[in-house]
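See structure below.
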Amino acid sequence: MKRVVLLISLVLAFSSSCATTTPNQVLQVVRDTNGEILRSDSRYFVVMPPILVGGGGGVTRGPIFEAKDGAADANFVCPFQVVQTPVNLDQGMAVFFTPKARKQIEITESTDLNIKFYLDNPTGICNNTVWEVEGNFPGTALSPAFLSTNGGETGNPSKVTTWFQIKKLNVDDDHIINSMYMLMFCPNNYEENCSEITIDYVDGQRRLALNIGYRFPVVFVKDNRYGIKSIV
């Protein structure tokens, strides 16, 4: 009997010790403009909030060339740049968010994930859709670290340049503003090494880059379209 009591006492002491040394960290979920939680099995447009007039639209593959009728045209053989469309009402291309934890369905803040453009009519030669950071990060004004889809791949934990995070942009205002976020690049998940994904104007393109140019607050709009073919 004494042995049983001693064993129970040791277990309780160990549990108490673990509770005091390991804080319960609650991960905050990321929400779209409808207030719904982002999921890895759904796709979303990554867009500048509509309240920011003149800020441009959503993210897509580029470069984007101006068509004769004045509309943005991204038809380019195997586009690889990650760019923002200059048209406010253009939501760009939808993306999937794939967490590093394979069984994770809900997207949470400050957790590593891959970002992949959605194509519903992929070809055999232009399936470069996974975001990655080009060149030497975090980059400089003379040698920016741009985002591209040149060699990205999903689910590879050793490919540091393909893992991004979403962090809440804390602004007190209406629902749209409260759902604003920043895309971040945090190599090896070190908070002190995080870089903001920003917009840099290069040769007429609004390229996504690390820590250079203009801030790029975004909201996530769920893509509910079905059976509509991608234009790129």
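We label chains A, B, ... in the order they appear in the structure tokens, count residues from 1 in each chain, and number ligands from 1 in the order shown.
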
Go through stretch 113-172 of chain A and flag each residue having an atom no more than 8 Å from stretch 94-106 of chain A; for those, report the closest pair of atoms plus their distance in Å to one decimal, using only C-alpha atoms, ordered by chain and rising number, as CSV.
```
residue,atom,partner,partner_atom,distance
A:Leu113,CA,A:Pro99,CA,4.0
A:Asn114,CA,A:Thr98,CA,5.0
A:Ile115,CA,A:Phe97,CA,4.9
A:Lys116,CA,A:Phe96,CA,5.2
A:Phe117,CA,A:Val95,CA,4.3
A:Tyr118,CA,A:Val95,CA,5.2
A:Thr154,CA,A:Thr98,CA,7.7
A:Gly155,CA,A:Lys100,CA,6.5
A:Pro157,CA,A:Lys100,CA,7.3
```

In terms of the shortest atom-to-atom distance over only C-alpha atoms, which of A:Arg206, A:Lys159, A:Lys168, A:Arg43 is closest to A:Val59?
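Under the stated criterion, the closest residue is A:Arg206.
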
Compile the contact shell of A:Tyr201 as an NGL selection string: residues with an atom at most 9 Å away, counting only C-alpha atoms, same-chain residues fewer than 5 positions apart removed.
:A and (206-208 or 213-214)

Write out, as a compact mmCIF listing (two decimals), in the first residue's frame, the residues just selected, with all heavy atoms.
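Final file, result-v3.txt:
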```txt
# COMPACT_ATOMS: atom_id res chain seq x y z
N ARG A 206 4.69 45.02 -59.58
CA ARG A 206 4.59 45.11 -58.12
C ARG A 206 5.02 43.77 -57.53
O ARG A 206 4.20 42.92 -57.20
CB ARG A 206 3.16 45.45 -57.70
CG ARG A 206 2.64 46.76 -58.28
CD ARG A 206 1.27 47.08 -57.72
NE ARG A 206 0.74 48.32 -58.25
CZ ARG A 206 -0.24 49.02 -57.69
NH1 ARG A 206 -0.81 48.56 -56.59
NH2 ARG A 206 -0.67 50.14 -58.22
N ARG A 207 6.30 43.59 -57.40
CA ARG A 207 6.83 42.30 -56.95
C ARG A 207 6.83 42.19 -55.44
O ARG A 207 7.12 43.14 -54.72
CB ARG A 207 8.25 42.10 -57.48
CG ARG A 207 8.35 42.03 -58.99
CD ARG A 207 9.66 41.41 -59.44
NE ARG A 207 9.76 40.01 -59.02
CZ ARG A 207 10.80 39.22 -59.30
NH1 ARG A 207 11.81 39.70 -60.02
NH2 ARG A 207 10.82 37.97 -58.90
N LEU A 208 6.50 41.00 -54.94
CA LEU A 208 6.58 40.74 -53.51
C LEU A 208 8.02 40.47 -53.14
O LEU A 208 8.72 39.69 -53.81
CB LEU A 208 5.70 39.56 -53.13
CG LEU A 208 4.23 39.89 -52.78
CD1 LEU A 208 3.52 40.48 -53.98
CD2 LEU A 208 3.50 38.64 -52.26
N GLY A 213 10.45 48.38 -49.85
CA GLY A 213 9.32 48.95 -50.56
C GLY A 213 8.19 49.31 -49.62
O GLY A 213 8.39 49.86 -48.55
N TYR A 214 6.97 48.96 -50.02
CA TYR A 214 5.77 49.36 -49.30
C TYR A 214 5.17 48.19 -48.53
O TYR A 214 5.19 47.05 -48.98
CB TYR A 214 4.74 49.91 -50.29
CG TYR A 214 5.21 51.13 -51.03
CD1 TYR A 214 5.91 51.01 -52.23
CD2 TYR A 214 4.99 52.41 -50.53
CE1 TYR A 214 6.36 52.12 -52.92
CE2 TYR A 214 5.44 53.54 -51.21
CZ TYR A 214 6.13 53.38 -52.40
OH TYR A 214 6.59 54.48 -53.08
```

For atom CA of A:Phe45 and atom CA of A:Ser143, the interatomic separation in Å (one decimal):
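Those two atoms sit 28.5 Å apart.
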
Pick from A:Tyr190, A:Phe164, A:Tyr181, A:Phe137: nearest to A:Met48, with only C-alpha atoms counted?
A:Tyr181

Using DSSP secondary structure from the backbone, list all strand (DSSP E) positions within stretch 76-175 of chain A, as a VMD selection string.
chain A and resid 81 to 84 95 to 99 113 to 117 132 to 133 147 to 148 165 to 168

Keeping only N, CA and C atoms, write those residues as a PDB file, in the first residue's frame.
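Wrote out-v2.pdb, looks like this:
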```
ATOM      1  N   GLN A  81       7.213  35.100 -61.351  1.00  0.00           N
ATOM      2  CA  GLN A  81       7.238  36.134 -60.332  1.00  0.00           C
ATOM      3  C   GLN A  81       5.955  36.092 -59.500  1.00  0.00           C
ATOM      4  N   VAL A  82       6.080  36.403 -58.197  1.00  0.00           N
ATOM      5  CA  VAL A  82       4.898  36.582 -57.353  1.00  0.00           C
ATOM      6  C   VAL A  82       4.657  38.079 -57.266  1.00  0.00           C
ATOM      7  N   VAL A  83       3.545  38.532 -57.840  1.00  0.00           N
ATOM      8  CA  VAL A  83       3.296  39.966 -57.965  1.00  0.00           C
ATOM      9  C   VAL A  83       1.890  40.307 -57.488  1.00  0.00           C
ATOM     10  N   GLN A  84       1.672  41.602 -57.268  1.00  0.00           N
ATOM     11  CA  GLN A  84       0.343  42.111 -56.966  1.00  0.00           C
ATOM     12  C   GLN A  84      -0.238  42.748 -58.219  1.00  0.00           C
ATOM     13  N   VAL A  95      -4.960  30.813 -53.807  1.00  0.00           N
ATOM     14  CA  VAL A  95      -3.850  30.009 -53.285  1.00  0.00           C
ATOM     15  C   VAL A  95      -4.368  28.998 -52.272  1.00  0.00           C
ATOM     16  N   PHE A  96      -3.572  27.970 -52.057  1.00  0.00           N
ATOM     17  CA  PHE A  96      -3.762  27.038 -50.956  1.00  0.00           C
ATOM     18  C   PHE A  96      -2.697  27.303 -49.909  1.00  0.00           C
ATOM     19  N   PHE A  97      -3.059  27.175 -48.632  1.00  0.00           N
ATOM     20  CA  PHE A  97      -2.107  27.251 -47.529  1.00  0.00           C
ATOM     21  C   PHE A  97      -1.935  25.838 -46.958  1.00  0.00           C
ATOM     22  N   THR A  98      -0.690  25.346 -46.946  1.00  0.00           N
ATOM     23  CA  THR A  98      -0.423  23.991 -46.482  1.00  0.00           C
ATOM     24  C   THR A  98       0.512  24.028 -45.280  1.00  0.00           C
ATOM     25  N   PRO A  99       0.002  23.778 -44.069  1.00  0.00           N
ATOM     26  CA  PRO A  99       0.846  23.807 -42.872  1.00  0.00           C
ATOM     27  C   PRO A  99       1.935  22.742 -42.894  1.00  0.00           C
ATOM     28  N   LEU A 113       3.998  27.449 -43.066  1.00  0.00           N
ATOM     29  CA  LEU A 113       3.130  26.880 -44.101  1.00  0.00           C
ATOM     30  C   LEU A 113       3.677  27.204 -45.486  1.00  0.00           C
ATOM     31  N   ASN A 114       3.358  26.331 -46.433  1.00  0.00           N
ATOM     32  CA  ASN A 114       3.634  26.589 -47.847  1.00  0.00           C
ATOM     33  C   ASN A 114       2.458  27.342 -48.451  1.00  0.00           C
ATOM     34  N   ILE A 115       2.741  28.167 -49.454  1.00  0.00           N
ATOM     35  CA  ILE A 115       1.699  28.877 -50.191  1.00  0.00           C
ATOM     36  C   ILE A 115       1.812  28.459 -51.655  1.00  0.00           C
ATOM     37  N   LYS A 116       0.697  28.016 -52.220  1.00  0.00           N
ATOM     38  CA  LYS A 116       0.718  27.475 -53.580  1.00  0.00           C
ATOM     39  C   LYS A 116      -0.434  28.052 -54.389  1.00  0.00           C
ATOM     40  N   PHE A 117      -0.112  28.615 -55.571  1.00  0.00           N
ATOM     41  CA  PHE A 117      -1.147  29.095 -56.468  1.00  0.00           C
ATOM     42  C   PHE A 117      -2.006  27.930 -56.952  1.00  0.00           C
ATOM     43  N   GLU A 132       8.425  30.740 -53.035  1.00  0.00           N
ATOM     44  CA  GLU A 132       9.701  30.633 -52.343  1.00  0.00           C
ATOM     45  C   GLU A 132      10.407  31.985 -52.387  1.00  0.00           C
ATOM     46  N   VAL A 133      11.414  32.128 -51.538  1.00  0.00           N
ATOM     47  CA  VAL A 133      12.223  33.351 -51.504  1.00  0.00           C
ATOM     48  C   VAL A 133      13.452  33.136 -52.366  1.00  0.00           C
ATOM     49  N   LEU A 147      10.048  37.175 -54.085  1.00  0.00           N
ATOM     50  CA  LEU A 147       9.315  35.920 -54.049  1.00  0.00           C
ATOM     51  C   LEU A 147       9.067  35.443 -55.480  1.00  0.00           C
ATOM     52  N   SER A 148       9.189  34.151 -55.676  1.00  0.00           N
ATOM     53  CA  SER A 148       8.960  33.579 -57.001  1.00  0.00           C
ATOM     54  C   SER A 148       8.386  32.179 -56.851  1.00  0.00           C
ATOM     55  N   GLN A 165       4.726  32.498 -42.872  1.00  0.00           N
ATOM     56  CA  GLN A 165       3.808  32.587 -41.742  1.00  0.00           C
ATOM     57  C   GLN A 165       2.822  33.725 -41.967  1.00  0.00           C
ATOM     58  N   ILE A 166       1.708  33.656 -41.251  1.00  0.00           N
ATOM     59  CA  ILE A 166       0.701  34.715 -41.265  1.00  0.00           C
ATOM     60  C   ILE A 166       0.615  35.292 -39.864  1.00  0.00           C
ATOM     61  N   LYS A 167       0.686  36.608 -39.768  1.00  0.00           N
ATOM     62  CA  LYS A 167       0.591  37.266 -38.462  1.00  0.00           C
ATOM     63  C   LYS A 167      -0.470  38.357 -38.521  1.00  0.00           C
ATOM     64  N   LYS A 168      -1.219  38.501 -37.441  1.00  0.00           N
ATOM     65  CA  LYS A 168      -2.299  39.483 -37.370  1.00  0.00           C
ATOM     66  C   LYS A 168      -1.735  40.891 -37.349  1.00  0.00           C
TER      67      LYS A 168
END
```

For a test of reading the model, state the distance in Å between atom CA of A:Val130 and atom CA of A:Ile51, rounded to one decimal.
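Distance reported for this atom pair: 28.6 Å.
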
I need the residues in stretch 181-226 of chain A that are helix (DSSP H, G or I) according to DSSP; give them as a PyMOL selection string.
chain A and resi 187-189+191-193

Applying 12 Å and only C-alpha atoms, which residues near A:Gln91 remain after dropping the ones on its own chain fewer than 6 positions away? List them as JSON, numbers by chain.
{"A": [44, 45, 46, 47, 48, 49, 50, 56, 57, 58, 59, 60, 72, 83, 84, 85, 218, 219, 220, 221, 222, 223]}

Atoms to include: C-alpha atoms. Write the selected residues as a PDB file, in the first residue's frame.
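Output saved as again_36.pdb:
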```
ATOM      1  CA  TYR A  44      -8.275  31.920 -50.959  1.00  0.00           C
ATOM      2  CA  PHE A  45      -7.450  35.147 -52.716  1.00  0.00           C
ATOM      3  CA  VAL A  46      -4.722  37.163 -50.995  1.00  0.00           C
ATOM      4  CA  VAL A  47      -5.764  40.759 -51.610  1.00  0.00           C
ATOM      5  CA  MET A  48      -5.159  44.286 -50.421  1.00  0.00           C
ATOM      6  CA  PRO A  49      -8.183  45.400 -48.329  1.00  0.00           C
ATOM      7  CA  PRO A  50     -10.762  47.257 -50.473  1.00  0.00           C
ATOM      8  CA  GLY A  56      -3.935  47.487 -55.938  1.00  0.00           C
ATOM      9  CA  GLY A  57      -5.607  44.091 -55.873  1.00  0.00           C
ATOM     10  CA  GLY A  58      -4.670  40.482 -55.260  1.00  0.00           C
ATOM     11  CA  VAL A  59      -1.564  38.382 -55.669  1.00  0.00           C
ATOM     12  CA  THR A  60      -0.889  36.473 -58.890  1.00  0.00           C
ATOM     13  CA  ALA A  72      -4.043  43.585 -66.968  1.00  0.00           C
ATOM     14  CA  VAL A  83       3.296  39.966 -57.965  1.00  0.00           C
ATOM     15  CA  GLN A  84       0.343  42.111 -56.966  1.00  0.00           C
ATOM     16  CA  THR A  85      -2.147  43.125 -59.626  1.00  0.00           C
ATOM     17  CA  VAL A 218      -3.752  41.656 -46.777  1.00  0.00           C
ATOM     18  CA  VAL A 219      -7.101  40.023 -46.228  1.00  0.00           C
ATOM     19  CA  PHE A 220      -8.129  36.537 -47.303  1.00  0.00           C
ATOM     20  CA  VAL A 221     -11.196  36.115 -49.524  1.00  0.00           C
ATOM     21  CA  LYS A 222     -12.477  32.562 -49.886  1.00  0.00           C
ATOM     22  CA  ASP A 223     -12.653  31.346 -53.488  1.00  0.00           C
TER      23      ASP A 223
END
```

For A:Val26, please output as a PDB file with all heavy atoms, in the first residue's frame all residues within 12 Å (counting only C-alpha atoms; exclusion window: fewer than 3 positions along the same chain).
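The resulting around-v8.pdb:
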```
ATOM      1  N   PRO A  23       4.243  26.293 -20.414  1.00  0.00           N
ATOM      2  CA  PRO A  23       3.017  27.082 -20.508  1.00  0.00           C
ATOM      3  C   PRO A  23       2.121  26.601 -21.632  1.00  0.00           C
ATOM      4  O   PRO A  23       2.577  26.080 -22.645  1.00  0.00           O
ATOM      5  CB  PRO A  23       3.550  28.497 -20.803  1.00  0.00           C
ATOM      6  CG  PRO A  23       4.887  28.281 -21.444  1.00  0.00           C
ATOM      7  CD  PRO A  23       5.448  27.061 -20.783  1.00  0.00           C
ATOM      8  N   VAL A  29      -6.328  31.296 -34.577  1.00  0.00           N
ATOM      9  CA  VAL A  29      -6.688  30.926 -35.939  1.00  0.00           C
ATOM     10  C   VAL A  29      -6.705  32.166 -36.829  1.00  0.00           C
ATOM     11  O   VAL A  29      -6.887  33.282 -36.360  1.00  0.00           O
ATOM     12  CB  VAL A  29      -8.063  30.227 -35.987  1.00  0.00           C
ATOM     13  CG1 VAL A  29      -7.997  28.885 -35.281  1.00  0.00           C
ATOM     14  CG2 VAL A  29      -9.144  31.116 -35.387  1.00  0.00           C
ATOM     15  N   THR A 108      -3.366  28.590 -38.569  1.00  0.00           N
ATOM     16  CA  THR A 108      -3.142  29.400 -37.373  1.00  0.00           C
ATOM     17  C   THR A 108      -2.006  30.395 -37.599  1.00  0.00           C
ATOM     18  O   THR A 108      -1.161  30.211 -38.467  1.00  0.00           O
ATOM     19  CB  THR A 108      -2.804  28.506 -36.165  1.00  0.00           C
ATOM     20  OG1 THR A 108      -1.716  27.633 -36.500  1.00  0.00           O
ATOM     21  CG2 THR A 108      -4.012  27.675 -35.756  1.00  0.00           C
ATOM     22  N   GLU A 109      -2.021  31.444 -36.789  1.00  0.00           N
ATOM     23  CA  GLU A 109      -0.989  32.463 -36.879  1.00  0.00           C
ATOM     24  C   GLU A 109       0.365  31.904 -36.439  1.00  0.00           C
ATOM     25  O   GLU A 109       0.446  30.999 -35.599  1.00  0.00           O
ATOM     26  CB  GLU A 109      -1.339  33.663 -36.004  1.00  0.00           C
ATOM     27  CG  GLU A 109      -2.572  34.432 -36.430  1.00  0.00           C
ATOM     28  CD  GLU A 109      -2.825  35.620 -35.523  1.00  0.00           C
ATOM     29  OE1 GLU A 109      -1.849  36.291 -35.128  1.00  0.00           O
ATOM     30  OE2 GLU A 109      -4.001  35.867 -35.188  1.00  0.00           O
ATOM     31  N   SER A 110       1.414  32.476 -37.015  1.00  0.00           N
ATOM     32  CA  SER A 110       2.798  32.200 -36.597  1.00  0.00           C
ATOM     33  C   SER A 110       3.180  30.734 -36.694  1.00  0.00           C
ATOM     34  O   SER A 110       4.019  30.250 -35.922  1.00  0.00           O
ATOM     35  CB  SER A 110       3.034  32.719 -35.164  1.00  0.00           C
ATOM     36  OG  SER A 110       2.764  34.099 -35.093  1.00  0.00           O
ATOM     37  N   THR A 111       2.572  29.995 -37.622  1.00  0.00           N
ATOM     38  CA  THR A 111       2.976  28.618 -37.867  1.00  0.00           C
ATOM     39  C   THR A 111       3.438  28.495 -39.318  1.00  0.00           C
ATOM     40  O   THR A 111       2.895  29.142 -40.218  1.00  0.00           O
ATOM     41  CB  THR A 111       1.826  27.631 -37.609  1.00  0.00           C
ATOM     42  OG1 THR A 111       0.678  28.017 -38.377  1.00  0.00           O
ATOM     43  CG2 THR A 111       1.450  27.615 -36.141  1.00  0.00           C
TER      44      THR A 111
END
```
